[in-house]
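Engineer: Sharing a structure, written as structure tokens. Questions coming.
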4 protein chains.
Amino acid sequence: MIRVSIVGGSGYTGGELIRLLSFHPQVEIHQVTSRAHLGEYIHQMHPNLRKINSLKFCDPKQLEPVDLLFLAVPHGEVQKHIDDYYQLAPKLIDLSADFRLQDPVLYEKWYGKAHAAPHWLPRFVYGLPEINREAIQKSDYVSGVGCNATASILALLPTMKSGLMDDASSVTIEVKVGSSEGGASVNDGSHHPERSGVIRTFSAFGHRHTAEVIQAFGLQKLWLTMTAVDLVRGALATAHLQLKPGVEMKDLWKAYRAVIQENPFLRLVNEKRGVYRVPEPKVLAGSNYADLGFAFDQESNHLVAICAIDNLMKGASGTAVQCMNLMMGWDEMAGLSFPGLHPI
Amino acid sequence: MIRVSIVGGSGYTGGELIRLLSFHPQVEIHQVTSRAHLGEYIHQMHPNLRKINSLKFCDPKQLEPVDLLFLAVPHGEVQKHIDDYYQLAPKLIDLSADFRLQDPVLYEKWYGKAHAAPHWLPRFVYGLPEINREAIQKSDYVSGVGCNATASILALLPTMKSGLMDDASSVTIEVKVGSSEGGASVNDGSHHPERSGVIRTFSAFGHRHTAEVIQAFGLQKLWLTMTAVDLVRGALATAHLQLKPGVEMKDLWKAYRAVIQENPFLRLVNEKRGVYRVPEPKVLAGSNYADLGFAFDQESNHLVAICAIDNLMKGASGTAVQCMNLMMGWDEMAGLSFPGLHPI
Amino acid sequence: MIRVSIVGGSGYTGGELIRLLSFHPQVEIHQVTSRAHLGEYIHQMHPNLRKINSLKFCDPKQLEPVDLLFLAVPHGEVQKHIDDYYQLAPKLIDLSADFRLQDPVLYEKWYGKAHAAPHWLPRFVYGLPEINREAIQKSDYVSGVGCNATASILALLPTMKSGLMDDASSVTIEVKVGSSEGGASVNDGSHHPERSGVIRTFSAFGHRHTAEVIQAFGLQKLWLTMTAVDLVRGALATAHLQLKPGVEMKDLWKAYRAVIQENPFLRLVNEKRGVYRVPEPKVLAGSNYADLGFAFDQESNHLVAICAIDNLMKGASGTAVQCMNLMMGWDEMAGLSFPGLHPI
Amino acid sequence: MIRVSIVGGSGYTGGELIRLLSFHPQVEIHQVTSRAHLGEYIHQMHPNLRKINSLKFCDPKQLEPVDLLFLAVPHGEVQKHIDDYYQLAPKLIDLSADFRLQDPVLYEKWYGKAHAAPHWLPRFVYGLPEINREAIQKSDYVSGVGCNATASILALLPTMKSGLMDDASSVTIEVKVGSSEGGASVNDGSHHPERSGVIRTFSAFGHRHTAEVIQAFGLQKLWLTMTAVDLVRGALATAHLQLKPGVEMKDLWKAYRAVIQENPFLRLVNEKRGVYRVPEPKVLAGSNYADLGFAFDQESNHLVAICAIDNLMKGASGTAVQCMNLMMGWDEMAGLSFPGLHPI
């Protein structure tokens with residue numbers, strides 16, 4: 001049993017952390033902060049937690065030392081105060097974008113300004129267990145993941161790990177996402193009459209999560225496009241790439257099965273019949289599973305590789321808890337058993 | 001051919017007025033104002049009007065005299081400046097709530113403060129042609145209607161007009177509404193992740209549109225409840241009341257048919273088979289029709305009376321254009337022929 | 001640890017039973033039947049259960065004796081074969097409508113034909129713990145509940161239990177429901193282009209769940225109206241009734257608090273600020289909680305009482321598992337801890 | 001004024017034809033057929049047309065000669081009976097897929113069987129005015145268009161027409177579509193609880209509309225992927241391709257403006273601010289406009305080209321009416337002025 005606190009508990013990723021940790025068998029939540037909702041009950045912001053968690057949001061200044069600290073504050077905040085947070089807990093998990101990229105040059109290119117604590121960058125491990133499990137187990141400082149980066153990396157993982165991609169291939173990834181990805185703050189585009197029913201390609205180029213995919217696999221010719229659709233939770237990455245000449249279906253099945261077996265939260269969805277033949281994010285709402293699928297046109301060596309996740313879970317808070325489990329030496333799946341709902 | 005201007009064109013009712021008047025055979029739009037979007041093209045706010053209307057939003061201070069002025073500004077604004085607007089056009093149609101109630105006492109009771117121009121109240125006619133057609137034809141000053149009031153009044157109209165309601169009956173009306181009813185400004189509750197999929201009874205009592213229903217029929221025991229559901233456009237009013245002893249189905253059919261025949265935008269929907277047996281707002285999006293339906297339990301004399309509308313059309317801008325047609329002596333349906341879509 | 005089987009596992013309530021029981025600490029699922037999906041993996045029908053449950057659907061004829069049998073087959077089936085099911089397990093929980101009403105006369109009135117096993121009716125207890133906890137604890141045969149009946153009964157429970165309703169009052173209940181209530185079989189009205197965005201009052205009178213509300217409270221003047229809205233999971237009941245003269249707000253708070261304290265799955269939602277001031281079904285998806293709320297107009301003694309549930313959980317499978325817990329003498333909340341999601 | 005009939009009026013494209021032609025100033029609808037809904041009023045199937053069109057569906061066997069016949073029956077039917085239809089009217093517009101491809105070999109490759117009337121294939125013109133205007137004007141036999149093909153072809157049109165694409169470039173197009181694309185018949189996947197909230201890549205390869213894009217531009221390396229999202233009407237095509245070295249933004253603007261000016265239903269949406277900066281299908285519901293947009297990464301010569309349409313309008317019935325206007329020598333926009341709604 002360890003004591004953890006959550007900095008920034010009124011947002012969506014903070015709320016999911018509270019939900020998950022409230023039921024985690026080895027964790028006690030000590031404090032949850034929120035400047036905007038100071039003194040309010042957690043359930044006033046997160047109505048699903050009524051009767052579940054009776055804490056009130058406290059001031060970040062009142063934070064007390066704990067065993068592990070989750071940081072769920074806006075991008076740019078943690079790098080400014082990392083030396084303070086460092087005093088509060090021997091282990092830190094930062095869900096913001098501040099410590100996802102190891103290279104200060106890459107950070108500056110994609111975020112448009114120099115990092116405020118570049119010496120801390122190499123101390124953090126990129127917190128996606130499916131590509132960094134051992135490093136996470138050994139680390140005290142783990143970053144969170146970008147939700148679109150997670151869906152994209154996991155879509156590509158079986159092909160990359162097995163070396164099936166043609167070296168000359170470009171990679172085009174279209175990510176379709178729900179509205180919770182934009183966070184809990186309102187803006188003109190998130191107004192329900194404007195956001196409902198959209199198919200809105202809001203980022204054709206330059207989305208910052210692209211940098212995480214580049215870092216993961218060293219891809220040179222990568223284009224990532226983001227399209228908002230009508231859903232609250234969920235992201236689907238569809239990747240298009242060329243495989244090496246001579247690759248056959250059986251090679252792909254082998255590559256996928258290997259990755260599935262090594263990773264408890266990955267599942268392969270590739271059915272011949274029924275409604276659910278391919279990965280779909282909606283049945284993953286609340287779940288830490290990532291569903292992978294693929295289609296291969298052998299005539300042209302073209303692969304379509306798919307990954308569905310809940311952007312707030314596998315794409316943020318679920319993976320953060322999974323990292324905690326690894327850092328603590330616990331069962332990787334502890335506290336993450338909820339399988340999603342059907343229908344929904 | 002007359003010249004009209006629209007004050008407050010960046011909101012949802014303003015946008016619908018621009019759309020309708022851009023295609024009206026006897027109207028030329030002269031100016032459209034918006035303080036917040038000054039100098040922008042109309043289509044930047046209302047993307048459906050690209051290539052349709054090439055005007056830019058102008059400053060209200062630059063308004064020039066026209067034949068008829070539509071006022072689509074926030075509640076409370078028109079009563080403050082009515083003497084200015086009065087100078088600009090011989091005919092005014094005010095879509096705000098400022099001149100819907102004839103009685104200053106009723107206004108103060110429901111709006112919580114005294115009216116700023118009470119002497120103007122009796123000069124305005126409540127602009128619902130289905131209950132005030134002749135008065136509208138003769139008037140130069142017409143108010144708009146509350147969307148929930150419109151759905152409620154039209155749901156009750158056949159019963160009230162035919163005198164079938166039991167004198168002792170109370171009336172309970174539940175209105176289910178889409179998100180466009182809240183207007184174009186964002187708030188915490190309109191944020192898509194929070195507003196999507198809701199069934200939210202946001203007003204159990206005291207909704208201001210109740211006063212318009214009271215004014216229309218003189219009802220004493222009336223309860224109006226508002227529930228937000230997941231839809232952008234549309235409102236459905238379901239009214240529950242007791243009929244006089246001895247009323248039969250044939251009396252109801254007669255009452256409904258009479259009202260339908262007198263009013264070109266009312267339709268009766270009461271089918272025995274098929275998917276669309278009852279009124280449904282979604283097929284009315286963009287249309288000025290109001291669909292009426294009913295179910296009667298003769299054993300208990302209990303009537304369920306239903307009305308579906310598009311809250312921005314029959315519940316606001318469509319009815320305002322219908323009023324203009326009547327005020328000008330034109331065909332009541334001019335410029336209002338769009339029938340809605342199926343499927344949608 | 002007991003062994004249970006589920007008859008009819010391919011439908012929505014069957015799927016929820018499988019999900020809940022797969023994680024229940026004291027239960028092992030022995031067999032799940034489905035005629036239509038014989039031999040298929042459960043996860044082909046319920047994609048959220050991939051990697052969670054590796055059973056295949058079996059033939060009902062192959063059912064083996066177990067400790068407790070859940071029956072999730074279409075209405076009318078269980079009453080025909082009750083003598084067979086009775087042989088298979090000492091405890092039965094029937095989620096169909098067959099044994100909800102104790103009185104064969106009431107059954108015939110609302111279901112339109114005589115019951116096939118009327119002698120079994122008094123042996124079953126209506127399985128809503130909030131009104132029948134002790135009887136369920138002592139019984140071996142428990143019926144499921146109608147989802148709309150559950151929402152309606154729980155909306156009325158605090159008022160009824162405290163005797164605050166005026167004896168002469170009628171009760172009008174509008175239930176707004178999601179599409180999963182119609183079950184897993186397609187029909188013309190469930191086709192997405194037709195069902196999406198609806199506000200469809202599909203039953204103004206005569207919905208069969210009305211009989212369960214009558215049975216629970218002995219109400220004479222009760223009208224229940226059903227309106228389909230755009231949501232998959234969730235039901236909101238809004239009840240309108242008159243309270244006795246002299247009732248004050250404090251009496252209502254007392255009545256609600258008493259009911260909340262006695263029932264672990266009931267919560268009171270009545271906030272003065274924030275987005276979630278009233279009960280809303282969407283945050284209950286997957287959860288067994290029922291959220292209650294109310295608004296009272298003391299001037300007219302009119303009460304609006306609200307209850308939100310997940311129709312597949314508290315309105316069906318969740319309550320069935322809660323009944324099992326009570327029948328077995330276990331913790332009433334075992335296996336039912338999932339609190340729902342925010343946002344969703 | 002000409003007389004037209006519609007064969008197959010109960011489906012979604014048939015319904016849109018009836019709506020459009022009911023308001024077309026130069027057309028009188030003579031007959032509408034439907035085997036499944038014989039004798040029913042049109043408004044029982046298409047509830048928006050109540051009071052608009054009072055025809056009943058008649059038997060196809062009772063068809064009388066008219067000036068122009070619209071065929072909106074399932075794929076495969078027209079090729080079997082083309083010699084009959086040919087007797088009924090001097091002009092035919094076939095909305096099915098039967099006469100879209102000129103080459104019988106291409107037809108057989110993509111549709112999996114030989115064409116039943118291959119000698120008729122060269123007599124039909126592919127009915128997309130934006131690429132075939134002159135041929136349509138001169139033809140008596142015009143085919144309809146595939147909705148996804150339309151969105152894809154129009155997304156590519158400015159680049160293809162201006163010769164800006166690199167000759168070696170592959171083209172990857174992701175089309176995101178609403179549920180009305182599947183037609184009016186229910187299936188397991190169109191059941192609302194399963195279809196609501198989906199992001200479902202139902203066709204990674206081999207969608208038949210691909211053939212129409214190949215035919216239009218002679219592309220060799222083309223991949224078209226279809227993803228269903230939660231919307232009823234609308235399709236968004238996002239195309240990824242490489243431009244020739246040295247192409248600049250100004251070349252693209254020039255290419256787009258040229259295409260916009262030549263085609264009254266094309267609009268360019270490429271704004272720097274506001275909510276609607278890129279094409280979005282939802283504001284096009286009911287409209288015949290196609291909105292084009294693009295983003296260009298000059299560093300990598302990569303272009304993202306976007307087209308939004310209403311799949312039932314510009315992607316089917318609207319374009320069919322546009323073809324009729326051209327075949328008759330009328331104003332190309334006659335009867336097609338509805339601009340879509342905002343908000344929706």
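Residue names in the structure tokens use chain letters A, B, ... in the order shown, residue numbers from 1 in each chain, and ligand numbers from 1 in the order shown.
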Residues of chain B were defined as contacting chain C if any atom lay at most 8 Å from it, counting only C-alpha atoms; please report them as number ranges by chain.
Structural biologist: B: 172, 174, 176, 188-189, 193-194, 196-202, 204-205, 229-231, 236, 240, 275, 278-282, 295, 297, 304, 343-344
Engineer: Where does DSSP see strand (DSSP E) in region 141-338 of chain D, if you list the residues as number ranges by chain?
Structural biologist: D: 141-143, 171-177, 199-203, 222-229, 235-242, 266-268, 290-297, 302-309
Engineer: Leaving out region 4-10 of chain D and any residue of its chain fewer than 4 positions from it, which residues lie within 7 Å of it when counting only C-alpha atoms, given as a PyMOL selection string?
Structural biologist: chain D and resi 14-15+27-34+45+60+66-73
Engineer: Output N, CA and C atoms of each residue in that selection to a file, as a PDB file, in the first residue's frame.
Structural biologist:
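Final output, again_4.pdb:
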```pdb
ATOM      1  N   GLY D  14     -34.017   7.886 -53.643  1.00  0.00           N
ATOM      2  CA  GLY D  14     -35.339   8.137 -54.218  1.00  0.00           C
ATOM      3  C   GLY D  14     -36.070   9.237 -53.463  1.00  0.00           C
ATOM      4  N   GLY D  15     -36.005   9.188 -52.152  1.00  0.00           N
ATOM      5  CA  GLY D  15     -36.667  10.209 -51.336  1.00  0.00           C
ATOM      6  C   GLY D  15     -36.116  11.600 -51.604  1.00  0.00           C
ATOM      7  N   VAL D  27     -40.357  21.008 -63.493  1.00  0.00           N
ATOM      8  CA  VAL D  27     -40.597  19.562 -63.486  1.00  0.00           C
ATOM      9  C   VAL D  27     -41.907  19.234 -62.788  1.00  0.00           C
ATOM     10  N   GLU D  28     -42.609  18.269 -63.340  1.00  0.00           N
ATOM     11  CA  GLU D  28     -43.771  17.705 -62.658  1.00  0.00           C
ATOM     12  C   GLU D  28     -43.509  16.211 -62.436  1.00  0.00           C
ATOM     13  N   ILE D  29     -43.642  15.768 -61.201  1.00  0.00           N
ATOM     14  CA  ILE D  29     -43.446  14.336 -60.921  1.00  0.00           C
ATOM     15  C   ILE D  29     -44.720  13.593 -61.318  1.00  0.00           C
ATOM     16  N   HIS D  30     -44.570  12.613 -62.185  1.00  0.00           N
ATOM     17  CA  HIS D  30     -45.743  11.895 -62.677  1.00  0.00           C
ATOM     18  C   HIS D  30     -46.024  10.645 -61.840  1.00  0.00           C
ATOM     19  N   GLN D  31     -45.014   9.802 -61.681  1.00  0.00           N
ATOM     20  CA  GLN D  31     -45.205   8.574 -60.891  1.00  0.00           C
ATOM     21  C   GLN D  31     -43.946   8.289 -60.068  1.00  0.00           C
ATOM     22  N   VAL D  32     -44.169   7.627 -58.951  1.00  0.00           N
ATOM     23  CA  VAL D  32     -43.060   7.152 -58.117  1.00  0.00           C
ATOM     24  C   VAL D  32     -43.366   5.710 -57.758  1.00  0.00           C
ATOM     25  N   THR D  33     -42.430   4.832 -58.014  1.00  0.00           N
ATOM     26  CA  THR D  33     -42.711   3.416 -57.750  1.00  0.00           C
ATOM     27  C   THR D  33     -42.015   2.929 -56.480  1.00  0.00           C
ATOM     28  N   SER D  34     -42.620   1.922 -55.887  1.00  0.00           N
ATOM     29  CA  SER D  34     -41.987   1.170 -54.800  1.00  0.00           C
ATOM     30  C   SER D  34     -42.728  -0.129 -54.636  1.00  0.00           C
ATOM     31  N   MET D  45     -43.211   7.034 -45.771  1.00  0.00           N
ATOM     32  CA  MET D  45     -41.800   6.637 -45.798  1.00  0.00           C
ATOM     33  C   MET D  45     -40.878   7.843 -45.582  1.00  0.00           C
ATOM     34  N   PRO D  60     -44.085  -0.677 -60.319  1.00  0.00           N
ATOM     35  CA  PRO D  60     -43.239  -0.413 -61.491  1.00  0.00           C
ATOM     36  C   PRO D  60     -43.874  -0.885 -62.794  1.00  0.00           C
ATOM     37  N   VAL D  66     -42.801   8.946 -69.985  1.00  0.00           N
ATOM     38  CA  VAL D  66     -42.545  10.314 -69.512  1.00  0.00           C
ATOM     39  C   VAL D  66     -41.387  10.918 -70.307  1.00  0.00           C
ATOM     40  N   ASP D  67     -41.058  12.159 -69.957  1.00  0.00           N
ATOM     41  CA  ASP D  67     -39.973  12.832 -70.673  1.00  0.00           C
ATOM     42  C   ASP D  67     -38.594  12.393 -70.170  1.00  0.00           C
ATOM     43  N   LEU D  68     -38.552  12.074 -68.890  1.00  0.00           N
ATOM     44  CA  LEU D  68     -37.263  11.682 -68.305  1.00  0.00           C
ATOM     45  C   LEU D  68     -37.541  10.743 -67.144  1.00  0.00           C
ATOM     46  N   LEU D  69     -36.734   9.701 -67.048  1.00  0.00           N
ATOM     47  CA  LEU D  69     -36.956   8.693 -66.011  1.00  0.00           C
ATOM     48  C   LEU D  69     -35.724   8.625 -65.109  1.00  0.00           C
ATOM     49  N   PHE D  70     -35.966   8.766 -63.813  1.00  0.00           N
ATOM     50  CA  PHE D  70     -34.894   8.552 -62.833  1.00  0.00           C
ATOM     51  C   PHE D  70     -34.997   7.124 -62.308  1.00  0.00           C
ATOM     52  N   LEU D  71     -33.867   6.428 -62.304  1.00  0.00           N
ATOM     53  CA  LEU D  71     -33.835   5.057 -61.817  1.00  0.00           C
ATOM     54  C   LEU D  71     -33.051   5.024 -60.508  1.00  0.00           C
ATOM     55  N   ALA D  72     -33.746   4.691 -59.415  1.00  0.00           N
ATOM     56  CA  ALA D  72     -33.101   4.685 -58.105  1.00  0.00           C
ATOM     57  C   ALA D  72     -33.305   3.335 -57.430  1.00  0.00           C
ATOM     58  N   VAL D  73     -33.067   2.298 -58.189  1.00  0.00           N
ATOM     59  CA  VAL D  73     -33.271   0.933 -57.691  1.00  0.00           C
ATOM     60  C   VAL D  73     -31.925   0.314 -57.307  1.00  0.00           C
TER      61      VAL D  73
END
```
Engineer: If you count only C-alpha atoms, which residues fall within 10 Å of region 126-132 of chain D, apart from same-chain ones fewer than 4 positions away, as a PyMOL selection string?
Structural biologist: chain D and resi 93-95+99-102+121-122+136-137+139+141-146+149-150+153-154+157+161+212+215-217+259-260+262-266+314-316+319-320+322-324+326+332
Engineer: State, in Å with one decimal place, the distance from CA of Ser337 (chain D) to CA of Gly286 (chain D).
Structural biologist: 9.8 Å
Engineer: Looking only at alpha helix (DSSP H) from DSSP on the backbone, list the matching residues of region 142-299 of chain A as a short mmCIF file (atom, residue, chain, number, x, y, z; two decimals) with C-alpha atoms, in the first residue's frame.
Structural biologist:
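That gives us out.cif:
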```cif
data_model
loop_
_atom_site.label_atom_id
_atom_site.label_comp_id
_atom_site.auth_asym_id
_atom_site.auth_seq_id
_atom_site.Cartn_x
_atom_site.Cartn_y
_atom_site.Cartn_z
CA CYS A 147 -3.11 9.80 -27.06
CA ASN A 148 -2.71 10.09 -30.83
CA ALA A 149 0.91 9.07 -30.55
CA THR A 150 -0.12 5.99 -28.58
CA ALA A 151 -2.68 4.92 -31.16
CA SER A 152 -0.19 5.54 -33.96
CA ILE A 153 2.75 3.79 -32.31
CA LEU A 154 0.67 0.75 -31.40
CA ALA A 155 -0.79 0.58 -34.92
CA LEU A 156 2.75 0.41 -36.29
CA LEU A 157 4.31 -1.71 -33.54
CA PRO A 158 3.88 -5.21 -35.03
CA THR A 159 5.21 -4.12 -38.43
CA MET A 160 8.12 -2.16 -37.00
CA LYS A 161 9.14 -4.79 -34.51
CA SER A 162 9.16 -7.50 -37.14
CA HIS A 192 -22.12 21.24 -28.75
CA PRO A 193 -24.08 22.71 -31.69
CA GLU A 194 -20.78 23.22 -33.55
CA ARG A 195 -18.98 20.04 -32.44
CA THR A 210 3.91 13.32 -34.48
CA ALA A 211 7.21 13.88 -32.69
CA GLU A 212 6.54 10.98 -30.34
CA VAL A 213 6.00 8.60 -33.24
CA ILE A 214 9.19 9.84 -34.89
CA GLN A 215 11.08 9.31 -31.63
CA ALA A 216 9.68 5.80 -31.21
CA PHE A 217 10.63 4.44 -34.61
CA MET A 249 -0.18 -12.75 -44.80
CA LYS A 250 1.32 -15.42 -42.57
CA ASP A 251 4.25 -13.10 -41.79
CA LEU A 252 1.80 -10.47 -40.63
CA TRP A 253 -0.17 -12.86 -38.48
CA LYS A 254 3.05 -13.98 -36.88
CA ALA A 255 4.16 -10.42 -36.24
CA TYR A 256 0.84 -9.48 -34.67
CA ARG A 257 0.61 -12.60 -32.53
CA ALA A 258 4.08 -12.02 -31.15
CA VAL A 259 3.22 -8.49 -30.07
CA ILE A 260 -0.13 -9.54 -28.61
CA GLN A 261 1.48 -12.25 -26.50
CA GLU A 262 4.09 -9.93 -25.02
#
```
Engineer: Ranking D:Glu134, D:Gln44, D:Ile309, D:Leu106 by minimum distance to Gly218 (chain D) and counting only C-alpha atoms, which one comes first?
Structural biologist: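 The shortest atom-to-atom distance to Gly218 (chain D) comes from D:Leu106.
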Engineer: Counting only C-alpha atoms, which of A:Ser185, A:Asp166, A:Asp98, A:Lys138 gets nearest to Asn325 (chain A)?
Structural biologist: A:Lys138
